[in-house]
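Chemist: entry34.txt is reproduced below (compact mmCIF, C-alpha atoms).
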# COMPACT_ATOMS: atom_id res chain seq x y z
CA MET A 299 53.23 86.62 126.22
CA ALA A 300 53.00 88.82 129.28
CA ALA A 301 56.36 90.17 130.32
CA ILE A 302 57.95 92.21 133.06
CA TYR A 303 59.80 95.32 131.96
CA ASN A 304 61.45 96.48 135.16
CA LEU A 305 61.45 96.33 138.96
CA TYR A 306 62.04 99.15 141.42
CA ILE A 307 62.45 99.36 145.16
CA ILE A 308 62.34 102.79 146.79
CA ASN A 309 63.06 103.59 150.42
CA LYS A 310 60.80 105.59 152.67
CA SER A 311 62.34 108.92 151.64
CA GLY A 312 61.79 108.21 147.95
CA GLY A 313 65.35 107.31 146.97
CA LEU A 314 65.87 104.46 144.56
CA ILE A 315 67.60 101.55 146.26
CA PHE A 316 67.12 98.82 143.68
CA TYR A 317 66.44 98.82 139.96
CA LYS A 318 66.47 95.87 137.58
CA ASP A 319 65.24 95.69 134.03
CA TYR A 320 64.24 92.64 132.05
CA GLY A 321 63.58 92.53 128.36
CA SER A 322 64.27 95.13 125.72
CA ALA A 323 61.28 97.42 126.23
CA GLY A 324 61.40 100.14 128.83
CA ARG A 325 65.13 100.01 129.41
CA MET A 326 66.35 103.11 131.29
CA ASP A 327 69.66 104.60 132.20
CA THR A 328 70.55 105.45 135.80
CA ASN A 329 69.35 109.05 135.76
CA ASP A 330 65.99 108.16 134.25
CA SER A 331 65.37 105.41 136.75
CA LEU A 332 66.19 107.76 139.64
CA ARG A 333 63.81 110.31 138.19
CA VAL A 334 60.99 107.78 137.81
CA ALA A 335 61.52 106.59 141.37
CA SER A 336 61.22 110.03 142.95
CA LEU A 337 58.32 110.88 140.63
CA TRP A 338 56.43 107.80 141.69
CA HIS A 339 57.18 108.43 145.35
CA SER A 340 55.67 111.92 145.10
CA MET A 341 52.63 110.76 143.15
CA HIS A 342 52.00 108.00 145.63
CA ALA A 343 52.09 110.47 148.50
CA ILE A 344 49.89 113.03 146.75
CA SER A 345 47.29 110.42 145.86
CA GLN A 346 46.82 109.69 149.55
CA GLN A 347 45.82 113.32 150.10
CA LEU A 348 43.64 113.60 146.99
CA SER A 349 41.65 110.47 147.57
CA PRO A 350 37.91 111.00 148.09
CA VAL A 351 37.84 107.82 150.16
CA LEU A 352 39.12 108.00 153.75
CA GLY A 353 42.10 105.91 154.69
CA CYS A 354 43.59 105.58 151.23
CA ALA A 355 47.00 103.96 151.30
CA GLY A 356 48.21 105.15 147.92
CA ILE A 357 48.20 103.96 144.32
CA ASP A 358 48.12 100.19 143.83
CA LEU A 359 47.81 100.01 140.08
CA LEU A 360 48.40 102.37 137.19
CA GLU A 361 47.07 101.20 133.82
CA ALA A 362 48.30 102.86 130.66
CA ASP A 363 48.18 102.01 126.94
CA ASN A 364 51.57 100.33 126.77
CA PHE A 365 52.23 99.25 130.34
CA ASP A 366 50.82 98.48 133.77
CA LEU A 367 52.49 99.61 136.98
CA HIS A 368 51.74 97.60 140.10
CA CYS A 369 52.87 98.99 143.44
CA PHE A 370 53.13 97.46 146.90
CA GLN A 371 53.91 99.52 149.97
CA SER A 372 55.15 97.80 153.11
CA LEU A 373 54.15 98.95 156.61
CA THR A 374 57.50 100.69 156.91
CA GLY A 375 57.04 102.84 153.82
CA THR A 376 59.33 100.91 151.49
CA LYS A 377 57.69 100.66 148.07
CA PHE A 378 58.10 97.85 145.58
CA PHE A 379 56.79 98.44 142.10
CA VAL A 380 56.92 96.64 138.81
CA VAL A 381 56.34 97.95 135.28
CA CYS A 382 54.94 95.25 133.04
CA GLU A 383 52.99 94.56 129.88
CA PRO A 384 49.29 95.44 130.08
CA GLY A 385 47.27 92.55 131.42
CA THR A 386 50.07 90.69 133.16
CA LEU A 387 48.65 88.55 135.94
CA HIS A 388 49.95 87.70 139.43
CA MET A 389 52.03 90.84 139.81
CA GLU A 390 50.75 91.43 143.34
CA ASN A 391 52.01 88.00 144.32
CA LEU A 392 55.33 88.73 142.72
CA LEU A 393 55.63 91.97 144.69
CA LYS A 394 54.75 90.24 147.94
CA TYR A 395 57.31 87.53 147.20
CA MET A 396 59.87 90.20 146.42
CA TYR A 397 59.13 91.75 149.80
CA GLU A 398 59.81 88.38 151.44
CA LEU A 399 63.12 88.08 149.61
CA TYR A 400 63.95 91.63 150.71
CA THR A 401 63.32 90.82 154.38
CA ASP A 402 65.36 87.64 154.08
CA TYR A 403 68.40 88.48 152.00
CA VAL A 404 68.73 92.22 152.49
CA LEU A 405 67.56 92.94 156.03
CA LYS A 406 69.31 89.92 157.54
CA ASN A 407 72.57 90.83 155.82
CA PRO A 408 74.92 92.49 158.34
CA PHE A 409 76.72 94.34 155.54
CA TYR A 410 73.64 96.18 154.32
CA GLU A 411 73.08 99.73 155.56
CA MET A 412 69.46 100.72 155.86
CA GLU A 413 68.06 102.97 153.08
CA MET A 414 71.21 102.48 150.98
CA PRO A 415 71.30 100.92 147.48
CA ILE A 416 71.01 97.15 147.63
CA ARG A 417 74.18 95.28 146.70
CA CYS A 418 73.31 91.80 147.94
CA GLU A 419 74.23 88.95 145.65
CA LEU A 420 71.80 86.48 147.24
CA PHE A 421 68.88 88.86 146.82
CA GLU A 422 69.59 89.31 143.12
CA ILE A 423 70.09 85.59 142.52
CA SER A 424 66.82 84.57 144.18
CA LEU A 425 64.95 87.42 142.49
CA SER A 426 66.16 86.28 139.07
CA GLN A 427 65.11 82.73 139.89
CA ALA A 428 61.64 83.94 140.86
CA ILE A 429 61.26 85.92 137.66
CA GLN A 430 62.38 82.91 135.61
CA LYS A 431 59.86 80.70 137.36
CA ASP A 432 57.14 83.28 136.74
CA ARG A 433 58.05 83.40 133.07
CA VAL A 434 57.87 79.66 132.86
CA ALA A 435 54.56 79.59 134.71
CA LEU A 436 53.13 82.22 132.40
CA LEU A 437 54.33 80.33 129.35
CA GLY A 438 52.49 77.29 130.47
CA ARG A 439 49.12 79.03 130.54
CA MET B 727 40.38 73.50 189.35
CA ILE B 728 41.37 75.19 186.13
CA GLY B 729 44.95 76.28 185.88
CA VAL B 730 46.42 74.14 188.64
CA SER B 731 49.94 73.30 187.65
CA LYS B 732 51.06 69.73 188.01
CA ILE B 733 54.75 70.68 187.93
CA LYS B 734 56.63 69.61 191.02
CA GLN B 735 58.09 72.62 192.78
CA TYR B 736 61.76 72.36 193.60
CA SER B 737 62.99 74.22 196.67
CA ASN B 738 66.47 74.56 195.21
CA VAL B 739 66.91 75.50 191.56
CA LEU B 740 69.95 73.22 191.40
CA ASP B 741 67.73 70.21 192.05
CA LYS B 742 65.64 70.83 188.95
CA PRO B 743 66.39 68.31 186.22
CA LEU B 744 68.20 69.63 183.18
CA SER B 745 65.40 69.86 180.66
CA LYS B 746 65.68 69.09 177.00
CA GLY B 747 64.72 72.65 176.24
CA LYS B 748 62.82 73.90 173.21
CA GLN B 749 63.95 71.92 170.21
CA GLU B 750 63.32 74.66 167.69
CA VAL B 751 64.27 78.30 167.53
CA SER B 752 63.02 80.77 164.93
CA LEU B 753 65.56 80.99 162.11
CA SER B 754 64.66 84.62 161.45
CA ALA B 755 65.23 85.54 165.09
CA PHE B 756 68.64 83.89 165.01
CA ALA B 757 69.53 85.51 161.67
CA PHE B 758 68.74 88.99 163.00
CA LEU B 759 70.65 88.37 166.20
CA PHE B 760 73.68 87.07 164.33
CA SER B 761 73.55 89.97 161.89
CA GLU B 762 73.56 92.37 164.83
CA LEU B 763 76.51 90.52 166.40
CA VAL B 764 78.53 90.97 163.20
CA GLN B 765 77.51 94.62 162.84
CA TYR B 766 78.34 95.41 166.48
CA ASN B 767 81.77 93.85 166.21
CA GLN B 768 82.46 95.64 162.95
CA THR B 769 82.26 98.96 164.75
CA GLN B 770 84.68 97.81 167.43
CA VAL B 771 87.62 96.60 165.31
CA ASP B 772 90.04 98.25 162.92
CA ASN B 773 90.39 95.59 160.26
CA ILE B 774 88.63 92.58 158.82
CA ALA B 775 91.11 89.96 160.00
CA GLU B 776 90.61 91.06 163.56
CA LEU B 777 86.84 90.95 163.12
CA GLU B 778 87.01 87.41 161.83
CA ARG B 779 89.56 86.00 164.20
CA SER B 780 89.32 87.69 167.53
CA ARG B 781 85.66 88.67 167.59
CA LEU B 782 83.57 86.12 165.74
CA GLU B 783 85.77 83.14 166.52
CA ASP B 784 85.99 84.02 170.18
CA ALA B 785 82.24 84.42 170.38
CA GLY B 786 81.94 80.94 168.86
CA TYR B 787 84.56 79.56 171.26
CA ALA B 788 82.36 80.42 174.23
CA VAL B 789 79.40 78.67 172.59
CA GLY B 790 81.50 75.59 171.81
CA ALA B 791 82.78 75.23 175.36
CA ARG B 792 79.27 75.25 176.79
CA CYS B 793 77.91 73.03 174.02
CA LEU B 794 80.46 70.36 174.83
CA GLU B 795 79.45 70.21 178.49
CA LEU B 796 75.75 70.17 177.73
CA LEU B 797 75.89 67.58 174.98
CA CYS B 798 78.18 65.27 176.90
CA HIS B 799 75.59 65.22 179.61
CA ARG B 800 72.48 65.02 177.43
CA GLU B 801 73.47 62.92 174.47
CA LYS B 802 76.37 60.79 175.53
CA GLY B 803 75.66 59.95 179.15
CA ASN B 804 78.76 61.72 180.43
CA ARG B 805 81.23 59.64 178.43
CA ARG B 806 84.43 61.41 177.45
CA GLU B 807 85.95 61.07 174.00
CA THR B 808 89.63 60.19 174.03
CA ARG B 809 90.22 59.29 170.39
CA LEU B 810 90.61 61.70 167.52
CA LEU B 811 88.04 60.09 165.25
CA GLY B 812 85.65 59.87 168.15
CA ILE B 813 85.70 63.56 168.88
CA LEU B 814 85.56 64.42 165.19
CA SER B 815 82.48 62.33 164.59
CA PHE B 816 80.96 63.82 167.73
CA VAL B 817 81.41 67.30 166.25
CA HIS B 818 80.30 66.25 162.79
CA SER B 819 77.11 64.49 163.91
CA THR B 820 75.95 65.36 167.42
CA VAL B 821 77.05 68.97 167.67
CA TRP B 822 75.88 69.80 164.16
CA LYS B 823 72.55 68.04 164.69
CA VAL B 824 71.83 69.95 167.88
CA LEU B 825 72.98 73.34 166.59
CA PHE B 826 71.87 73.27 162.97
CA GLY B 827 69.24 70.54 162.82
CA LYS B 828 71.18 68.23 160.52
CA VAL B 829 74.53 66.43 160.45
CA ALA B 830 77.36 68.09 158.54
CA ASP B 831 77.61 67.22 154.85
CA SER B 832 80.98 65.51 155.02
CA LEU B 833 84.03 64.84 157.16
CA GLU B 834 87.31 64.32 155.32
CA LYS B 835 90.93 63.78 156.21
CA GLY B 836 93.36 66.17 154.55
CA THR B 837 95.55 64.60 151.89
CA GLU B 838 98.50 66.94 152.16
CA HIS B 839 99.04 67.02 155.92
CA GLU B 840 98.52 64.38 158.56
CA ASP B 841 97.07 66.79 161.07
CA GLU B 842 94.35 68.33 158.90
CA TYR B 843 90.70 67.38 158.81
CA MET B 844 87.85 69.10 157.00
CA ILE B 845 84.16 69.35 157.72
CA SER B 846 82.30 70.51 154.63
CA GLU B 847 78.88 72.04 154.30
CA LYS B 848 77.06 73.17 151.18
CA GLU B 849 75.93 76.30 153.00
CA LEU B 850 76.42 77.08 156.67
CA LEU B 851 73.23 78.06 158.46
CA VAL B 852 74.82 81.24 159.75
CA ASN B 853 75.70 82.29 156.19
CA ARG B 854 72.27 81.56 154.74
CA PHE B 855 71.13 85.17 154.37
CA ILE B 856 74.51 86.85 154.21
CA SER B 857 76.07 88.19 151.00
CA ILE B 858 79.66 89.25 151.51
CA PRO B 859 80.47 92.50 149.64
CA LYS B 860 83.29 92.23 147.11
CA ASP B 861 85.62 94.54 149.02
CA MET B 862 85.67 92.27 152.07
CA GLY B 863 87.77 89.70 150.23
CA THR B 864 87.84 86.28 151.81
CA PHE B 865 85.98 87.18 154.96
CA ASN B 866 83.62 84.45 156.08
CA CYS B 867 81.03 84.75 158.84
CA GLY B 868 81.50 81.00 159.21
CA ALA B 869 84.38 82.01 161.50
CA PHE B 870 81.72 81.88 164.19
CA VAL B 871 81.15 78.19 163.48
CA ALA B 872 84.91 77.63 163.31
CA GLY B 873 85.07 79.14 166.78
CA ILE B 874 82.37 76.76 168.03
CA VAL B 875 84.34 73.77 166.72
CA ARG B 876 87.53 75.10 168.28
CA GLY B 877 85.72 75.55 171.60
CA VAL B 878 84.48 71.97 171.57
CA LEU B 879 87.84 70.49 170.59
CA ASP B 880 89.89 72.63 172.95
CA ASN B 881 87.78 71.80 175.97
CA ALA B 882 87.71 68.12 175.08
CA GLY B 883 91.49 68.02 175.19
CA PHE B 884 92.25 68.25 171.46
CA PRO B 885 93.76 71.70 170.89
CA ALA B 886 93.50 72.78 167.27
CA VAL B 887 93.51 75.74 164.94
CA VAL B 888 90.15 75.92 163.16
CA THR B 889 89.31 78.18 160.23
CA ALA B 890 86.43 78.56 157.80
CA HIS B 891 87.00 78.80 154.04
CA PHE B 892 84.92 79.23 150.94
CA VAL B 893 85.69 76.59 148.33
CA PRO B 894 84.34 77.45 144.87
CA MET B 895 82.68 74.52 143.13
CA GLU B 896 82.35 74.16 139.37
CA GLY B 897 78.77 74.23 138.25
CA GLN B 898 77.55 75.87 141.44
CA GLN B 899 76.88 79.54 141.82
CA ARG B 900 77.61 79.62 145.53
CA PRO B 901 80.86 78.23 146.93
CA ARG B 902 80.64 75.53 149.56
CA THR B 903 82.13 76.13 153.00
CA THR B 904 84.89 74.05 154.56
CA ILE B 905 85.84 74.13 158.22
CA LEU B 906 89.54 73.29 158.31
CA ILE B 907 90.78 71.72 161.54
CA LYS B 908 94.52 71.58 162.14
CA PHE B 909 95.37 69.66 165.27
CA ALA B 910 98.30 70.56 167.52
CA GLU B 911 101.43 68.40 167.60
CA GLU B 912 100.67 66.97 171.02
CA VAL B 913 97.33 65.58 169.86
CA LEU B 914 98.92 63.56 167.08
CA ARG B 915 101.70 62.33 169.30
CA ARG B 916 99.20 61.21 171.92
CA GLU B 917 97.06 59.55 169.27
CA ALA B 918 100.07 57.66 167.94
CA ARG B 919 100.98 56.51 171.45
CA VAL B 920 97.50 55.29 172.24
CA GLY B 921 97.60 53.47 168.94
What do you get writing this file as structure tokens?

Modeler:
Amino acid sequence: MAAIYNLYIINKSGGLIFYKDYGSAGRMDTNDSLRVASLWHSMHAISQQLSPVLGCAGIDLLEADNFDLHCFQSLTGTKFFVVCEPGTLHMENLLKYMYELYTDYVLKNPFYEMEMPIRCELFEISLSQAIQKDRVALLGR
Amino acid sequence: MIGVSKIKQYSNVLDKPLSKGKQEVSLSAFAFLFSELVQYNQTQVDNIAELERSRLEDAGYAVGARCLELLCHREKGNRRETRLLGILSFVHSTVWKVLFGKVADSLEKGTEHEDEYMISEKELLVNRFISIPKDMGTFNCGAFVAGIVRGVLDNAGFPAVVTAHFVPMEGQQRPRTTILIKFAEEVLRREARVG
């Protein structure tokens, strides 16, 4: 069964603003998650320079032996990425949906400071619900 | 001729009929505007109680006063409510319908005190995208809506103290919101006299 390991949101300067892990594999402590976030931010930026194709926007998908990493970058430079089991489907849709939840429950919250870690209850609740639904949908296949 | 307007031109803007206006407003636009209102006021006050009471409620009061005038003209044909239940059902149905697109979930009379009434809502529209941080305690952005209700009641001749509260419900993750209306002495005395 395809599963999601963890979710990250990084701001435009590469700082980790949201991290959530699901399932037992790939669990990380705070320091490791911060390190991964800044590492990914740098790699994403470097890939834009290295690309042989003009107008490259960065890395969308990283496939490895034990995991896949899907990344979505918004027009403002905020990056949403998810580490999941190899071959998990519909991750792009999940990332886009997560972006919608971000614009709704984080950006419309007057108590949220831009570029700061996300501490919005509603965002976390609706994200968990989305992940549950995805799990259920995947089970049904 | 293409583009000829059929709208009758009024020489005096006061002669123009009061239009129904656009029925729908973008929820996102409102949410951003309201979020900015809260943020702006947060920088201007020293403590949370002041933010809730004097800033948000007063902003709502202004909206309520104007709402009453407009809705009395549009919806009720310029009739004035003189009874307590009348004005309460006006707030609960008409005002809510025009402002939030639906009537309020429930209107109840308080059991402990004669002068208390409660309008309950599962989730206020203004609070839809807002998560209150833990260190803000019992602060509720619904104070804006409480201010609107107070503005309507005050200008209709029913002075009251109106506050917004979160009421936790068993089995629900999010608490429901209650607008508590406590009428002034004179209102109850007048109501008793009128019978």

Chemist: Return as a list in words the residues belonging to chain A that are within 10 Å of chain B, counting all atoms listed in the file.

Modeler: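 Contact residues on the first chain: Leu399, Thr401, Asp402, Tyr403, Val404, Leu405, Lys406, Asn407, Pro408, Phe409, Tyr410, Glu411, Arg417, Cys418, Glu419, Leu420, Phe421 and Ile423 of chain A.
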
Chemist: To one decimal place in Å, what is the distance between atom CA of Ile813 of chain B and atom CA of Arg781 of chain B?

Modeler: 25.1 Å

Chemist: Show me, as a PDB file with C-alpha atoms, in the coordinates of the input, the residues that have an atom within 9 Å of Gly321 of chain A when counting all atoms listed in the file, minus same-chain residues fewer than 6 positions from it.

Modeler:
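As written to disk, result.pdb reads:
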ATOM      1  CA  ALA A 301      56.360  90.170 130.320  1.00  0.00           C
ATOM      2  CA  ILE A 302      57.950  92.210 133.060  1.00  0.00           C
ATOM      3  CA  TYR A 303      59.800  95.320 131.960  1.00  0.00           C
ATOM      4  CA  ASN A 304      61.450  96.480 135.160  1.00  0.00           C
TER       5      ASN A 304
END

Chemist: Any idea what's packed within 6 Å of Gly790 of chain B, counting all atoms listed in the file, ignoring anything in its chain fewer than 2 positions away? Could you give it as a list in words?

Modeler: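 Skipping anything fewer than 2 positions along the chain leaves Tyr787, Ala788, Arg792, Cys793, Ile874, Gly877 and Val878 of chain B.
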
Chemist: Within 12 Å of (70.6, 69.2, 164.1), in the coordinates the file gives, what residues turn up when you count all atoms listed in the file, written out as JSON, numbers by chain?

Modeler: {"B": [749, 750, 751, 817, 818, 819, 820, 821, 822, 823, 824, 825, 826, 827, 828, 829, 830, 831, 851]}

Chemist: Take segment 803-832 of chain B, bring it up to N, CA and C atoms, and give me the output as a PDB file, in the coordinates of the input.

Modeler:
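Output file rebuild09.pdb is given in full below:
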ATOM      1  N   GLY B 803      75.618  60.538 177.817  1.00  0.00           N
ATOM      2  CA  GLY B 803      75.660  59.950 179.150  1.00  0.00           C
ATOM      3  C   GLY B 803      76.967  60.165 179.852  1.00  0.00           C
ATOM      4  N   ASN B 804      77.533  61.359 179.715  1.00  0.00           N
ATOM      5  CA  ASN B 804      78.760  61.720 180.430  1.00  0.00           C
ATOM      6  C   ASN B 804      79.965  60.874 180.095  1.00  0.00           C
ATOM      7  N   ARG B 805      80.021  60.353 178.876  1.00  0.00           N
ATOM      8  CA  ARG B 805      81.230  59.640 178.430  1.00  0.00           C
ATOM      9  C   ARG B 805      82.165  60.653 177.818  1.00  0.00           C
ATOM     10  N   ARG B 806      83.462  60.442 177.988  1.00  0.00           N
ATOM     11  CA  ARG B 806      84.430  61.410 177.450  1.00  0.00           C
ATOM     12  C   ARG B 806      85.134  60.793 176.245  1.00  0.00           C
ATOM     13  N   GLU B 807      85.260  61.568 175.196  1.00  0.00           N
ATOM     14  CA  GLU B 807      85.950  61.070 174.000  1.00  0.00           C
ATOM     15  C   GLU B 807      87.450  61.192 174.193  1.00  0.00           C
ATOM     16  N   THR B 808      88.172  60.112 173.913  1.00  0.00           N
ATOM     17  CA  THR B 808      89.630  60.190 174.030  1.00  0.00           C
ATOM     18  C   THR B 808      90.317  60.004 172.685  1.00  0.00           C
ATOM     19  N   ARG B 809      89.595  59.533 171.681  1.00  0.00           N
ATOM     20  CA  ARG B 809      90.220  59.290 170.390  1.00  0.00           C
ATOM     21  C   ARG B 809      89.852  60.401 169.418  1.00  0.00           C
ATOM     22  N   LEU B 810      90.768  60.630 168.494  1.00  0.00           N
ATOM     23  CA  LEU B 810      90.610  61.700 167.520  1.00  0.00           C
ATOM     24  C   LEU B 810      89.359  61.518 166.669  1.00  0.00           C
ATOM     25  N   LEU B 811      89.202  60.332 166.118  1.00  0.00           N
ATOM     26  CA  LEU B 811      88.040  60.090 165.250  1.00  0.00           C
ATOM     27  C   LEU B 811      86.751  60.191 166.029  1.00  0.00           C
ATOM     28  N   GLY B 812      86.833  59.796 167.315  1.00  0.00           N
ATOM     29  CA  GLY B 812      85.650  59.870 168.150  1.00  0.00           C
ATOM     30  C   GLY B 812      85.173  61.301 168.313  1.00  0.00           C
ATOM     31  N   ILE B 813      86.107  62.171 168.658  1.00  0.00           N
ATOM     32  CA  ILE B 813      85.700  63.560 168.880  1.00  0.00           C
ATOM     33  C   ILE B 813      85.289  64.217 167.569  1.00  0.00           C
ATOM     34  N   LEU B 814      85.936  63.836 166.470  1.00  0.00           N
ATOM     35  CA  LEU B 814      85.560  64.420 165.190  1.00  0.00           C
ATOM     36  C   LEU B 814      84.158  63.999 164.774  1.00  0.00           C
ATOM     37  N   SER B 815      83.828  62.733 164.985  1.00  0.00           N
ATOM     38  CA  SER B 815      82.480  62.330 164.590  1.00  0.00           C
ATOM     39  C   SER B 815      81.443  62.892 165.547  1.00  0.00           C
ATOM     40  N   PHE B 816      81.866  63.146 166.797  1.00  0.00           N
ATOM     41  CA  PHE B 816      80.960  63.820 167.730  1.00  0.00           C
ATOM     42  C   PHE B 816      80.608  65.213 167.220  1.00  0.00           C
ATOM     43  N   VAL B 817      81.642  65.953 166.770  1.00  0.00           N
ATOM     44  CA  VAL B 817      81.410  67.300 166.250  1.00  0.00           C
ATOM     45  C   VAL B 817      80.564  67.237 164.984  1.00  0.00           C
ATOM     46  N   HIS B 818      80.944  66.333 164.106  1.00  0.00           N
ATOM     47  CA  HIS B 818      80.300  66.250 162.790  1.00  0.00           C
ATOM     48  C   HIS B 818      78.833  65.848 162.891  1.00  0.00           C
ATOM     49  N   SER B 819      78.505  64.936 163.833  1.00  0.00           N
ATOM     50  CA  SER B 819      77.110  64.490 163.910  1.00  0.00           C
ATOM     51  C   SER B 819      76.339  65.165 165.036  1.00  0.00           C
ATOM     52  N   THR B 820      76.751  64.907 166.284  1.00  0.00           N
ATOM     53  CA  THR B 820      75.950  65.360 167.420  1.00  0.00           C
ATOM     54  C   THR B 820      75.880  66.863 167.526  1.00  0.00           C
ATOM     55  N   VAL B 821      77.032  67.517 167.513  1.00  0.00           N
ATOM     56  CA  VAL B 821      77.050  68.970 167.670  1.00  0.00           C
ATOM     57  C   VAL B 821      76.298  69.650 166.544  1.00  0.00           C
ATOM     58  N   TRP B 822      76.560  69.210 165.323  1.00  0.00           N
ATOM     59  CA  TRP B 822      75.880  69.800 164.160  1.00  0.00           C
ATOM     60  C   TRP B 822      74.383  69.583 164.230  1.00  0.00           C
ATOM     61  N   LYS B 823      73.976  68.355 164.650  1.00  0.00           N
ATOM     62  CA  LYS B 823      72.550  68.040 164.690  1.00  0.00           C
ATOM     63  C   LYS B 823      71.842  68.953 165.686  1.00  0.00           C
ATOM     64  N   VAL B 824      72.476  69.151 166.845  1.00  0.00           N
ATOM     65  CA  VAL B 824      71.830  69.950 167.880  1.00  0.00           C
ATOM     66  C   VAL B 824      71.809  71.436 167.503  1.00  0.00           C
ATOM     67  N   LEU B 825      72.907  71.913 166.909  1.00  0.00           N
ATOM     68  CA  LEU B 825      72.980  73.340 166.590  1.00  0.00           C
ATOM     69  C   LEU B 825      72.229  73.683 165.320  1.00  0.00           C
ATOM     70  N   PHE B 826      72.398  72.873 164.269  1.00  0.00           N
ATOM     71  CA  PHE B 826      71.870  73.270 162.970  1.00  0.00           C
ATOM     72  C   PHE B 826      70.747  72.384 162.454  1.00  0.00           C
ATOM     73  N   GLY B 827      70.376  71.364 163.225  1.00  0.00           N
ATOM     74  CA  GLY B 827      69.240  70.540 162.820  1.00  0.00           C
ATOM     75  C   GLY B 827      69.559  69.452 161.831  1.00  0.00           C
ATOM     76  N   LYS B 828      70.817  69.316 161.449  1.00  0.00           N
ATOM     77  CA  LYS B 828      71.180  68.230 160.520  1.00  0.00           C
ATOM     78  C   LYS B 828      72.653  67.910 160.720  1.00  0.00           C
ATOM     79  N   VAL B 829      73.095  66.730 160.328  1.00  0.00           N
ATOM     80  CA  VAL B 829      74.530  66.430 160.450  1.00  0.00           C
ATOM     81  C   VAL B 829      75.256  67.165 159.324  1.00  0.00           C
ATOM     82  N   ALA B 830      76.568  67.376 159.551  1.00  0.00           N
ATOM     83  CA  ALA B 830      77.360  68.090 158.540  1.00  0.00           C
ATOM     84  C   ALA B 830      77.418  67.247 157.263  1.00  0.00           C
ATOM     85  N   ASP B 831      77.633  67.937 156.130  1.00  0.00           N
ATOM     86  CA  ASP B 831      77.610  67.220 154.850  1.00  0.00           C
ATOM     87  C   ASP B 831      78.702  66.177 154.740  1.00  0.00           C
ATOM     88  N   SER B 832      79.927  66.517 155.132  1.00  0.00           N
ATOM     89  CA  SER B 832      80.980  65.510 155.020  1.00  0.00           C
ATOM     90  C   SER B 832      82.131  65.804 155.954  1.00  0.00           C
TER      91      SER B 832
END
